[in-house]
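Novice: So here's run-v4.tsv, just TSV, C-alpha atoms and all ligand atoms:
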```
chain	number	residue	atom	x	y	z
G	1	MET	CA	4.34	-17.36	23.59
G	2	GLU	CA	6.62	-14.49	22.66
G	3	LYS	CA	5.02	-11.54	20.93
G	4	ILE	CA	6.12	-8.16	19.79
G	5	THR	CA	3.82	-5.32	18.78
G	6	ILE	CA	5.16	-2.35	16.87
G	7	ARG	CA	3.70	0.60	15.02
G	8	ARG	CA	2.78	-0.41	11.50
G	9	PRO	CA	5.95	-0.22	9.40
G	10	ASP	CA	6.58	1.75	6.21
G	11	ASP	CA	8.88	0.86	3.34
G	12	TRP	CA	11.02	3.85	2.34
G	13	HIS	CA	12.27	2.27	-0.92
G	14	LEU	CA	10.01	0.03	-2.99
G	15	HIS	CA	9.61	-1.05	-6.62
G	16	LEU	CA	6.03	-1.86	-7.58
G	17	ARG	CA	6.55	-1.82	-11.39
G	18	ASP	CA	3.46	-1.59	-13.57
G	19	GLY	CA	0.89	-3.73	-15.39
G	20	ALA	CA	0.65	-7.40	-14.46
G	21	MET	CA	3.64	-7.20	-12.11
G	22	LEU	CA	2.08	-4.31	-10.19
G	23	GLN	CA	-1.15	-6.29	-9.80
G	24	ALA	CA	0.76	-9.19	-8.28
G	25	VAL	CA	3.22	-7.38	-5.99
G	26	ALA	CA	1.16	-4.46	-4.63
G	27	PRO	CA	-0.88	-6.71	-2.29
G	28	GLU	CA	2.32	-8.29	-0.95
G	29	THR	CA	3.51	-4.93	0.41
G	30	ALA	CA	0.06	-3.61	1.36
G	31	ARG	CA	-0.47	-6.64	3.63
G	32	HIS	CA	2.04	-5.42	6.22
G	33	PHE	CA	3.07	-1.88	5.34
G	34	ALA	CA	1.10	1.35	5.70
G	35	ARG	CA	3.09	3.48	3.25
G	36	ALA	CA	5.98	3.13	0.84
G	37	ILE	CA	8.20	5.42	-1.19
G	38	ILE	CA	7.52	4.22	-4.73
G	39	MET	CA	10.52	4.16	-7.03
G	40	PRO	CA	9.95	5.87	-10.39
G	41	ASN	CA	12.18	3.68	-12.59
G	42	LEU	CA	9.46	2.49	-14.93
G	43	VAL	CA	10.03	2.32	-18.67
G	44	PRO	CA	9.61	5.16	-19.53
G	45	PRO	CA	10.35	6.69	-16.11
G	46	VAL	CA	7.98	8.79	-14.00
G	47	VAL	CA	9.28	12.26	-14.75
G	48	THR	CA	6.43	14.75	-14.38
G	49	GLY	CA	3.82	15.49	-11.75
G	50	ALA	CA	1.10	14.34	-14.15
G	51	GLU	CA	2.85	11.01	-14.68
G	52	ALA	CA	3.16	10.58	-10.89
G	53	ILE	CA	-0.60	11.12	-10.48
G	54	ALA	CA	-1.36	8.57	-13.20
G	55	TYR	CA	1.04	6.01	-11.69
G	56	ARG	CA	-0.36	6.58	-8.19
G	57	ASP	CA	-3.85	5.90	-9.52
G	58	ARG	CA	-2.72	2.66	-11.16
G	59	ILE	CA	-1.17	1.58	-7.84
G	60	LEU	CA	-4.33	2.42	-5.89
G	61	ALA	CA	-6.36	0.41	-8.40
G	62	ALA	CA	-4.08	-2.61	-7.86
G	63	LEU	CA	-4.64	-2.71	-4.08
G	64	PRO	CA	-6.97	-5.25	-2.51
G	65	ASP	CA	-10.43	-3.93	-1.61
G	66	GLY	CA	-10.39	-2.09	1.69
G	67	SER	CA	-6.64	-1.55	1.75
G	68	ASP	CA	-5.56	1.81	3.13
G	69	PHE	CA	-1.98	1.47	1.88
G	70	LYS	CA	-0.63	4.85	0.81
G	71	PRO	CA	1.90	5.08	-2.02
G	72	LEU	CA	4.30	8.00	-1.56
G	73	MET	CA	5.28	8.98	-5.06
G	74	THR	CA	8.63	10.11	-6.42
G	75	LEU	CA	9.88	11.69	-9.62
G	76	TYR	CA	12.84	10.39	-11.59
G	77	LEU	CA	15.40	13.17	-11.92
G	78	THR	CA	16.71	13.73	-15.45
G	79	GLU	CA	18.93	16.37	-16.98
G	80	ASN	CA	15.73	17.86	-18.45
G	81	THR	CA	13.62	17.88	-15.27
G	82	ASP	CA	11.37	20.92	-15.03
G	83	ALA	CA	12.07	22.39	-11.57
G	84	ALA	CA	8.79	24.33	-11.49
G	85	ASP	CA	6.71	21.22	-12.25
G	86	LEU	CA	8.65	19.26	-9.60
G	87	VAL	CA	8.21	21.89	-6.89
G	88	LYS	CA	4.53	22.24	-7.71
G	89	ALA	CA	4.01	18.47	-7.53
G	90	HIS	CA	5.59	18.49	-4.08
G	91	ARG	CA	3.61	21.51	-2.92
G	92	ASP	CA	0.39	19.86	-4.13
G	93	GLY	CA	1.18	16.71	-2.15
G	94	ILE	CA	1.56	14.54	-5.25
G	95	ILE	CA	5.17	13.59	-4.66
G	96	THR	CA	7.14	13.00	-1.48
G	97	ALA	CA	10.67	12.91	-2.93
G	98	VAL	CA	12.80	12.88	-6.08
G	99	LYS	CA	15.13	10.06	-7.11
G	100	LEU	CA	18.62	10.48	-8.52
G	101	TYR	CA	19.96	7.63	-10.62
G	102	PRO	CA	23.41	8.07	-12.07
G	103	ALA	CA	22.86	7.06	-15.72
G	104	GLY	CA	23.69	3.39	-16.18
G	105	ALA	CA	24.03	2.58	-12.46
G	106	THR	CA	21.12	0.15	-12.16
G	107	THR	CA	17.85	-1.24	-13.59
G	108	ASN	CA	16.12	1.30	-15.88
G	109	SER	CA	18.59	4.09	-15.17
G	110	ALA	CA	19.39	5.00	-18.78
G	111	SER	CA	17.46	8.27	-18.43
G	112	GLY	CA	19.38	9.18	-15.29
G	113	VAL	CA	21.94	11.91	-14.72
G	114	ARG	CA	25.30	11.90	-16.54
G	115	ASP	CA	26.49	15.40	-15.67
G	116	MET	CA	25.65	16.57	-12.14
G	117	ASP	CA	26.16	20.20	-13.16
G	118	LYS	CA	23.07	19.93	-15.36
G	119	VAL	CA	20.80	19.25	-12.37
G	120	ARG	CA	22.37	21.81	-10.02
G	121	PRO	CA	19.52	24.35	-10.49
G	122	VAL	CA	16.89	21.67	-9.81
G	123	LEU	CA	18.72	20.59	-6.64
G	124	ASP	CA	18.84	24.21	-5.48
G	125	ALA	CA	15.11	24.54	-6.08
G	126	MET	CA	14.51	21.31	-4.15
G	127	ALA	CA	16.57	22.52	-1.19
G	128	GLU	CA	14.63	25.77	-1.20
G	129	ALA	CA	11.26	24.01	-1.35
G	130	GLY	CA	12.19	21.23	1.10
G	131	VAL	CA	11.92	18.34	-1.39
G	132	PRO	CA	14.07	15.37	-0.29
G	133	LEU	CA	16.45	13.69	-2.74
G	134	CYS	CA	16.74	9.88	-2.72
G	135	VAL	CA	20.06	8.78	-4.18
G	136	HIS	CA	21.24	5.56	-5.80
G	137	GLY	CA	24.82	6.04	-4.65
G	138	GLU	CA	27.13	4.28	-7.06
G	139	VAL	CA	29.56	5.65	-9.62
G	140	VAL	CA	29.37	3.94	-12.98
G	141	ASP	CA	32.92	4.41	-14.26
G	142	ASN	CA	34.22	1.19	-15.71
G	143	ASP	CA	37.60	1.70	-14.09
G	144	ILE	CA	36.02	1.57	-10.62
G	145	ASP	CA	35.61	-1.94	-9.26
G	146	ILE	CA	31.92	-2.73	-8.74
G	147	PHE	CA	32.56	-3.46	-5.04
G	148	ASP	CA	34.03	0.05	-4.58
G	149	ARG	CA	31.35	2.00	-6.41
G	150	GLU	CA	29.43	3.11	-3.33
G	151	ALA	CA	32.45	4.32	-1.37
G	152	VAL	CA	33.80	6.19	-4.40
G	153	PHE	CA	30.38	7.77	-5.00
G	154	ILE	CA	30.37	9.21	-1.49
G	155	ASP	CA	33.74	10.91	-2.03
G	156	ARG	CA	33.36	12.03	-5.62
G	157	ILE	CA	29.66	12.85	-5.96
G	158	LEU	CA	27.65	12.80	-2.76
G	159	ASP	CA	29.87	14.81	-0.45
G	160	PRO	CA	30.51	17.56	-3.04
G	161	LEU	CA	26.78	17.62	-3.87
G	162	ARG	CA	25.81	18.11	-0.22
G	163	ARG	CA	28.43	20.84	0.26
G	164	ALA	CA	27.17	22.64	-2.86
G	165	THR	CA	23.52	22.46	-1.74
G	166	PRO	CA	23.69	22.56	2.06
G	167	GLY	CA	19.97	22.62	2.91
G	168	LEU	CA	19.08	19.67	0.66
G	169	ARG	CA	17.70	16.68	2.53
G	170	VAL	CA	19.29	13.54	1.14
G	171	ILE	CA	18.56	9.85	1.62
G	172	MET	CA	21.34	7.44	0.75
G	173	GLU	CA	19.32	4.56	-0.65
G	174	HIS	CA	20.17	0.93	0.09
G	175	ILE	CA	23.59	1.45	1.68
G	176	THR	CA	25.84	-1.60	1.51
G	177	THR	CA	29.14	-0.58	3.08
G	178	SER	CA	30.66	0.48	6.38
G	179	GLN	CA	31.66	3.71	4.60
G	180	GLY	CA	28.02	4.34	3.71
G	181	ALA	CA	26.87	3.65	7.26
G	182	GLN	CA	29.52	5.93	8.70
G	183	TYR	CA	28.85	8.77	6.26
G	184	ALA	CA	25.11	8.59	7.02
G	185	ARG	CA	25.72	8.57	10.78
G	186	GLU	CA	27.96	11.62	10.65
G	187	GLY	CA	25.85	13.56	8.16
G	188	GLY	CA	23.64	15.46	10.58
G	189	ASP	CA	19.90	15.80	10.31
G	190	THR	CA	19.77	16.53	6.59
G	191	LEU	CA	21.12	13.06	5.82
G	192	GLY	CA	19.47	9.66	6.23
G	193	ALA	CA	20.05	6.18	4.83
G	194	THR	CA	17.82	3.27	3.98
G	195	ILE	CA	18.98	-0.29	4.55
G	196	THR	CA	17.40	-3.26	2.79
G	197	THR	CA	16.33	-6.51	4.36
G	198	HIS	CA	18.55	-8.60	2.12
G	199	HIS	CA	21.74	-6.64	2.80
G	200	LEU	CA	21.31	-7.48	6.49
G	201	VAL	CA	21.28	-11.17	5.60
G	202	ILE	CA	23.65	-11.83	2.70
G	203	ASN	CA	27.22	-11.00	1.87
G	204	ARG	CA	28.84	-11.53	-1.52
G	205	ASN	CA	29.47	-15.21	-0.87
G	206	ALA	CA	25.72	-15.78	-1.20
G	207	ILE	CA	25.96	-14.69	-4.82
G	208	LEU	CA	29.22	-16.34	-5.82
G	209	ALA	CA	30.27	-19.21	-3.57
G	210	GLY	CA	29.35	-22.75	-4.62
G	211	GLY	CA	27.83	-21.65	-7.94
G	212	ILE	CA	26.35	-18.39	-9.18
G	213	LYS	CA	23.03	-17.50	-7.52
G	214	PRO	CA	21.18	-14.91	-9.59
G	215	HIS	CA	18.42	-14.50	-7.00
G	216	TYR	CA	20.96	-12.92	-4.64
G	217	TYR	CA	22.22	-10.48	-7.26
G	218	CYS	CA	21.04	-6.93	-6.72
G	219	LEU	CA	22.50	-3.47	-6.93
G	220	PRO	CA	24.38	-2.21	-5.11
G	221	VAL	CA	25.87	-5.68	-5.03
G	222	ALA	CA	26.26	-7.28	-1.58
G	223	LYS	CA	29.75	-6.71	-0.20
G	224	ARG	CA	32.16	-8.49	2.19
G	225	GLU	CA	30.98	-9.85	5.54
G	226	GLU	CA	32.53	-6.93	7.44
G	227	HIS	CA	30.16	-4.60	5.58
G	228	ARG	CA	27.12	-6.74	6.28
G	229	LEU	CA	28.04	-6.64	9.97
G	230	ALA	CA	28.37	-2.84	9.82
G	231	LEU	CA	24.87	-2.65	8.32
G	232	ARG	CA	23.48	-4.94	11.03
G	233	GLN	CA	25.11	-2.75	13.65
G	234	ALA	CA	23.61	0.38	12.04
G	235	ALA	CA	20.09	-1.00	11.60
G	236	THR	CA	19.85	-2.47	15.09
G	237	SER	CA	21.38	0.56	16.82
G	238	GLY	CA	18.18	2.59	16.87
G	239	ASP	CA	20.15	5.55	15.43
G	240	PRO	CA	17.60	7.76	13.61
G	241	SER	CA	19.92	8.05	10.60
G	242	TYR	CA	18.87	4.57	9.45
G	243	PHE	CA	15.52	3.25	8.38
G	244	LEU	CA	14.00	0.40	6.41
G	245	GLY	CA	13.85	0.64	2.63
G	246	THR	CA	13.40	-2.92	1.42
G	247	ASP	CA	14.29	-2.17	-2.21
G	248	SER	CA	12.00	-5.09	-2.94
G	249	ALA	CA	12.62	-5.25	-6.69
G	250	PRO	CA	10.65	-7.94	-8.51
G	251	HIS	CA	11.89	-9.41	-11.77
G	252	THR	CA	10.47	-12.57	-13.32
G	253	ASP	CA	12.59	-15.70	-13.07
G	254	PRO	CA	13.24	-15.72	-16.84
G	255	ALA	CA	14.53	-12.14	-16.56
G	256	LYS	CA	16.90	-13.07	-13.73
G	257	LEU	CA	18.01	-16.51	-14.92
G	258	GLN	CA	19.81	-15.66	-18.12
G	259	PRO	CA	23.32	-14.79	-19.31
G	260	CYS	CA	22.75	-11.11	-18.46
G	261	GLY	CA	20.28	-11.32	-15.60
G	262	CYS	CA	18.46	-8.42	-13.94
G	263	ALA	CA	19.50	-7.01	-10.57
G	264	GLY	CA	17.01	-7.09	-7.72
G	265	CYS	CA	15.77	-9.18	-4.79
G	266	PHE	CA	12.04	-9.56	-4.11
G	267	THR	CA	11.53	-9.34	-0.35
G	268	ALA	CA	8.07	-7.82	0.12
G	269	THR	CA	6.50	-11.16	1.05
G	270	ASN	CA	8.73	-12.15	3.99
G	271	THR	CA	10.54	-8.94	4.97
G	272	LEU	CA	8.95	-8.46	8.39
G	273	SER	CA	9.60	-12.04	9.49
G	274	ILE	CA	13.22	-11.76	8.30
G	275	LEU	CA	13.75	-8.48	10.11
G	276	ALA	CA	12.36	-9.83	13.37
G	277	GLU	CA	14.68	-12.84	13.08
G	278	VAL	CA	17.69	-10.60	12.39
G	279	PHE	CA	16.94	-8.17	15.21
G	280	GLU	CA	16.35	-11.07	17.63
G	281	GLN	CA	19.66	-12.66	16.62
G	282	ASP	CA	21.37	-9.38	17.49
G	283	GLY	CA	19.51	-8.98	20.80
G	284	ALA	CA	17.80	-5.88	19.44
G	285	LEU	CA	14.11	-6.72	19.04
G	286	ASP	CA	13.42	-3.56	21.03
G	287	LYS	CA	14.99	-1.54	18.17
G	288	LEU	CA	12.90	-3.08	15.38
G	289	GLU	CA	10.17	-0.46	15.73
G	290	ALA	CA	12.65	2.41	15.45
G	291	PHE	CA	14.15	0.97	12.28
G	292	ALA	CA	10.95	-0.17	10.54
G	293	SER	CA	8.31	2.24	11.83
G	294	LEU	CA	9.68	5.39	13.51
G	295	ASN	CA	12.96	6.65	12.02
G	296	GLY	CA	11.67	6.87	8.45
G	297	PRO	CA	8.61	9.03	9.14
G	298	ALA	CA	10.69	11.20	11.46
G	299	PHE	CA	13.21	11.88	8.69
G	300	TYR	CA	10.48	12.62	6.14
G	301	GLY	CA	8.60	14.83	8.64
G	302	LEU	CA	5.55	12.56	8.67
G	303	PRO	CA	3.70	11.09	11.65
G	304	ALA	CA	4.36	7.48	12.58
G	305	ASN	CA	1.42	5.18	11.91
G	306	ASP	CA	-1.19	4.78	14.64
G	307	ALA	CA	-2.03	1.21	13.67
G	308	THR	CA	0.20	-1.64	14.85
G	309	VAL	CA	1.36	-5.06	13.72
G	310	THR	CA	2.02	-7.97	16.03
G	311	LEU	CA	4.60	-10.66	15.38
G	312	THR	CA	4.34	-13.92	17.28
G	313	LYS	CA	7.20	-16.38	17.69
G	314	GLY	CA	6.35	-19.95	16.87
G	315	THR	CA	6.75	-22.71	14.31
G	316	PRO	CA	8.67	-21.77	11.16
G	317	VAL	CA	6.92	-19.18	9.03
G	318	GLN	CA	5.37	-20.54	5.85
G	319	TYR	CA	5.74	-18.39	2.77
G	320	PRO	CA	5.72	-19.22	-0.93
G	321	ALA	CA	9.00	-19.82	-2.76
G	322	HIS	CA	7.66	-17.67	-5.56
G	323	ILE	CA	4.60	-15.64	-6.41
G	324	GLU	CA	2.76	-15.97	-9.70
G	325	THR	CA	2.28	-13.02	-12.00
G	326	ASP	CA	0.80	-12.86	-15.48
G	327	ASP	CA	4.32	-12.00	-16.64
G	328	GLY	CA	5.78	-15.16	-15.04
G	329	PRO	CA	6.92	-16.32	-11.58
G	330	VAL	CA	8.87	-14.06	-9.22
G	331	THR	CA	11.11	-15.81	-6.71
G	332	VAL	CA	10.73	-14.69	-3.10
G	333	PHE	CA	14.03	-13.90	-1.36
G	334	ASP	CA	15.32	-16.97	0.48
G	335	PRO	CA	17.08	-15.86	3.70
G	336	MET	CA	18.70	-19.32	4.02
G	337	MET	CA	17.46	-19.70	7.60
G	338	PRO	CA	14.19	-20.68	9.19
G	339	LEU	CA	12.03	-17.74	10.25
G	340	HIS	CA	10.04	-17.91	13.47
G	341	TRP	CA	8.19	-14.61	13.69
G	342	ASN	CA	4.75	-14.76	12.10
G	343	VAL	CA	2.86	-11.56	11.47
G	344	THR	CA	-0.33	-12.41	13.36
G	345	THR	CA	-2.29	-9.15	13.23
Q	401	LIG	N1	18.17	-2.85	-6.50
Q	401	LIG	C1	18.21	-3.50	-7.64
Q	401	LIG	O1	19.02	-4.39	-7.81
Q	401	LIG	N2	17.34	-3.22	-8.65
Q	401	LIG	C2	16.38	-2.16	-8.68
Q	401	LIG	C3	16.98	-0.83	-8.97
Q	401	LIG	C4	17.71	-0.20	-7.80
Q	401	LIG	O2	17.14	0.01	-6.74
Q	401	LIG	O3	18.90	0.11	-7.94
Q	401	LIG	C5	15.35	-2.50	-9.75
Q	401	LIG	O4	14.59	-1.60	-10.16
Q	401	LIG	O5	15.28	-3.66	-10.15
Q	402	ZN	ZN	19.08	1.68	-6.55
Q	403	ZN	ZN	15.62	0.13	-5.70
```
Output the structure of this file as structure tokens.

Specialist:
Amino acid sequence: MEKITIRRPDDWHLHLRDGAMLQAVAPETARHFARAIIMPNLVPPVVTGAEAIAYRDRILAALPDGSDFKPLMTLYLTENTDAADLVKAHRDGIITAVKLYPAGATTNSASGVRDMDKVRPVLDAMAEAGVPLCVHGEVVDNDIDIFDREAVFIDRILDPLRRATPGLRVIMEHITTSQGAQYAREGGDTLGATITTHHLVINRNAILAGGIKPHYYCLPVAKREEHRLALRQAATSGDPSYFLGTDSAPHTDPAKLQPCGCAGCFTATNTLSILAEVFEQDGALDKLEAFASLNGPAFYGLPANDATVTLTKGTPVQYPAHIETDDGPVTVFDPMMPLHWNVTT
């Protein structure tokens, strides 16, 4: 029997939502992961230190009894963010990072940033205080093709931002392109990038070929095959620039299956089995621990977890097609291949 034991993984980009959805999805992540960076794009967003404390407490209350899962909280950067409150929340250990959403780029981003000049002083204060910035890296201009939005963001927004605030630690969230992978690799030790599970598995054909498949629609949208291969190469390389951020983003089926459906793939339930399958396919099972359990904490300056998880290869992994919530069913990401690595401890 083939087995692999790795340090317990962390998820450096996760949506837990709130209310009934939070109750249903928190246990799915807490089952396998020790910590996760919790995205602040609630409605209304998590903007102040006090709101982050309240949200953290709601998350802790949603965990199964005995769980030691640790939510790492973030604040949602707005043009009105109070730099002093933000820095204090970080100093007090309430938040781990701050999230930049260009206004209109993705789910619940309406309160995001329109004019980068307006947040310049906050970014300077963050660099000074050592608060990392997580970035949804897509421009929103209607004249930019949606498949080019990440690459254009790097040139027009991200690179100028990093030059203007050199000490700022930046995480490019959910990269989807070879340009993103390359920029992250060459960015030195103040730059990291998360890669999702689903972007290692699907390209844009999964969404559009043979009929439209809303469950594969997420943002940034999956790109051409050459980009998926670049992401696989990056994730399985062991390079410390890259680490797992699942971007598991639950929406109910009714919210996804409609004329204007929500963006997001829900992968919390089967992520580890998918990753093991992907890394095995690429002959890189020995790099899974770096990607899922070591590179993220190293970038954030946190210790890796002492606990471990073991995956055992065997008969196809059984997982539900959807999970039930009091808001409605949420479809679990279908990797379109059998999975053989069961999380056994
Ligand atoms: N990734 C997504 O497609 N959706 C995320 C938002 C985000 O991470 O951009 C969500 O909150 O649903
Ligand atoms: Zn995003
Ligand atoms: Zn996300």

Novice: Please, which residues in chain G fall within 7 Å of ligand ZN 402 (chain Q) when counting only C-alpha atoms and all ligand atoms, and what is the closest atom pair and distance in Å to one decimal for each, ordered by chain then residue number, as a tab-separated table?

Specialist:
```
residue	atom	partner	partner_atom	distance
G:Thr106	CA	Q:ZN402	ZN	6.2
G:His136	CA	Q:ZN402	ZN	4.5
G:Glu173	CA	Q:ZN402	ZN	6.6
G:His174	CA	Q:ZN402	ZN	6.8
G:Leu219	CA	Q:ZN402	ZN	6.2
G:Pro220	CA	Q:ZN402	ZN	6.7
```

Novice: Could you check which of G:Thr190, G:Gln179, G:Ser248, G:Gln281 is closest to ligand ZN 403 (chain Q), using only C-alpha atoms and all ligand atoms?

Specialist: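 Nearest candidate to ligand ZN 403 (chain Q) out of G:Thr190, G:Gln179, G:Ser248, G:Gln281: G:Ser248.
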
Novice: I'd like to know which of G:Ile212, G:Leu302, G:Leu86, G:Leu275 is closest to G:Gln258, using only C-alpha atoms.

Specialist: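 Using only C-alpha atoms, the shortest distance to G:Gln258 belongs to G:Ile212.
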
Novice: Stretch 67-82 of chain G: which residues within 8 Å, counting all atoms listed in the file, same-chain residues fewer than 3 positions away excluded, as a VMD selection string?

Specialist: chain G and resid 30 33 to 41 45 to 49 52 56 59 to 60 63 to 64 85 to 86 94 to 101 111 to 115 118 to 119 122

Novice: Mind giving me the straight-line distance from atom CA of G:Trp12 to atom CA of G:Phe266 in Å, one decimal?

Specialist: 14.9 Å

Novice: So that I can check the surroundings of stretch 315-328 of chain G, please list as a list in words every protein, DNA and RNA residue that reaches within 6 Å of it, counting all atoms listed in the file and ignoring chain neighbours fewer than 2 positions away.

Specialist: Ala20, Met21, Ala24, Thr252, Val330, Thr331, Val332, Pro338, Leu339, His340 and Asn342 of chain G

Novice: Neighbours of ligand ZN 403 (chain Q) at 7 Å or closer, counting all atoms listed in the file: which residues, as a list in words?

Specialist: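 Listed by chain and ascending number, the contacts are His13, Leu14, His15, Met39, Asp247, Ser248 and Ala249 of chain G.
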
Novice: Determine, counting all atoms listed in the file, every residue of protein, DNA or RNA that lies within 8 Å of (1.4, 6.1, 8.8) in the file coordinates, then give the result as a list in words.

Specialist: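 Output of the proximity query reads Arg8, Pro9, Asp10, Ala34, Arg35, Pro297, Leu302, Pro303, Ala304, Asn305, Asp306 and Ala307 of chain G.
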
Novice: Which residue out of G:Glu2, G:Pro250, G:Pro214, G:Gly130 has the minimum interatomic distance to ligand LIG 401 (chain Q) when only C-alpha atoms and all ligand atoms are used?

Specialist: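 Selected residue with least distance to ligand LIG 401 (chain Q): G:Pro250.
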
Novice: With all atoms listed in the file as the atoms that count, which of G:Val43, G:Leu200, G:Val343, G:Met336 lies nearest to ligand LIG 401 (chain Q)?

Specialist: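 Result for the nearest residue to ligand LIG 401 (chain Q): G:Val43.
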
Novice: Nearest to ligand LIG 401 (chain Q) among G:Thr29, G:Thr194, G:Thr5, G:Asn270, with distances taken over all atoms listed in the file: which residue is it?

Specialist: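 Of G:Thr29, G:Thr194, G:Thr5, G:Asn270, the one nearest ligand LIG 401 (chain Q) is G:Thr194, counting all atoms listed in the file.
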
Novice: Pick out the closest residue to G:Lys256 from this set: G:Cys218, G:Leu288, G:Val135, G:Leu244. Count all atoms listed in the file.

Specialist: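 Among G:Cys218, G:Leu288, G:Val135, G:Leu244, it is G:Cys218 that comes nearest to G:Lys256.
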
Novice: Which centre and edge lengths in Å to one decimal define the box along x, y and z that fits every listed atom of ligand LIG 401 (chain Q) plus 5 Å per side, as JSON?

Specialist:
```
{"center_x": 16.8, "center_y": -2.1, "center_z": -8.3, "size_x": 14.4, "size_y": 14.5, "size_z": 13.7}
```

Novice: What does the structure give for the distance between atom CA of G:Asp124 and atom O3 of ligand LIG 401 (chain Q), in Å to one decimal?

Specialist: 24.2 Å

Novice: Fewer than 5 positions away in the same chain doesn't count, so skip those; otherwise give me all residues within 12 Å of G:Pro240, counting all atoms listed in the file, as a PDB file with C-alpha atoms, keeping the file's coordinate frame.

Specialist:
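Below is the file that was written, around_19.pdb:
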```
ATOM      1  CA  ALA G 181      26.870   3.650   7.260  1.00  0.00           C
ATOM      2  CA  ALA G 184      25.110   8.590   7.020  1.00  0.00           C
ATOM      3  CA  ARG G 185      25.720   8.570  10.780  1.00  0.00           C
ATOM      4  CA  GLU G 186      27.960  11.620  10.650  1.00  0.00           C
ATOM      5  CA  GLY G 187      25.850  13.560   8.160  1.00  0.00           C
ATOM      6  CA  GLY G 188      23.640  15.460  10.580  1.00  0.00           C
ATOM      7  CA  ASP G 189      19.900  15.800  10.310  1.00  0.00           C
ATOM      8  CA  THR G 190      19.770  16.530   6.590  1.00  0.00           C
ATOM      9  CA  LEU G 191      21.120  13.060   5.820  1.00  0.00           C
ATOM     10  CA  GLY G 192      19.470   9.660   6.230  1.00  0.00           C
ATOM     11  CA  ALA G 193      20.050   6.180   4.830  1.00  0.00           C
ATOM     12  CA  THR G 194      17.820   3.270   3.980  1.00  0.00           C
ATOM     13  CA  ALA G 234      23.610   0.380  12.040  1.00  0.00           C
ATOM     14  CA  ALA G 235      20.090  -1.000  11.600  1.00  0.00           C
ATOM     15  CA  LYS G 287      14.990  -1.540  18.170  1.00  0.00           C
ATOM     16  CA  LEU G 288      12.900  -3.080  15.380  1.00  0.00           C
ATOM     17  CA  GLU G 289      10.170  -0.460  15.730  1.00  0.00           C
ATOM     18  CA  ALA G 290      12.650   2.410  15.450  1.00  0.00           C
ATOM     19  CA  PHE G 291      14.150   0.970  12.280  1.00  0.00           C
ATOM     20  CA  ALA G 292      10.950  -0.170  10.540  1.00  0.00           C
ATOM     21  CA  SER G 293       8.310   2.240  11.830  1.00  0.00           C
ATOM     22  CA  LEU G 294       9.680   5.390  13.510  1.00  0.00           C
ATOM     23  CA  ASN G 295      12.960   6.650  12.020  1.00  0.00           C
ATOM     24  CA  GLY G 296      11.670   6.870   8.450  1.00  0.00           C
ATOM     25  CA  PRO G 297       8.610   9.030   9.140  1.00  0.00           C
ATOM     26  CA  ALA G 298      10.690  11.200  11.460  1.00  0.00           C
ATOM     27  CA  PHE G 299      13.210  11.880   8.690  1.00  0.00           C
ATOM     28  CA  TYR G 300      10.480  12.620   6.140  1.00  0.00           C
TER      29      TYR G 300
END
```

Novice: For atom CA of G:Asn205 and atom O5 of ligand LIG 401 (chain Q), quote the distance in Å rounded to one decimal.

Specialist: 20.5 Å
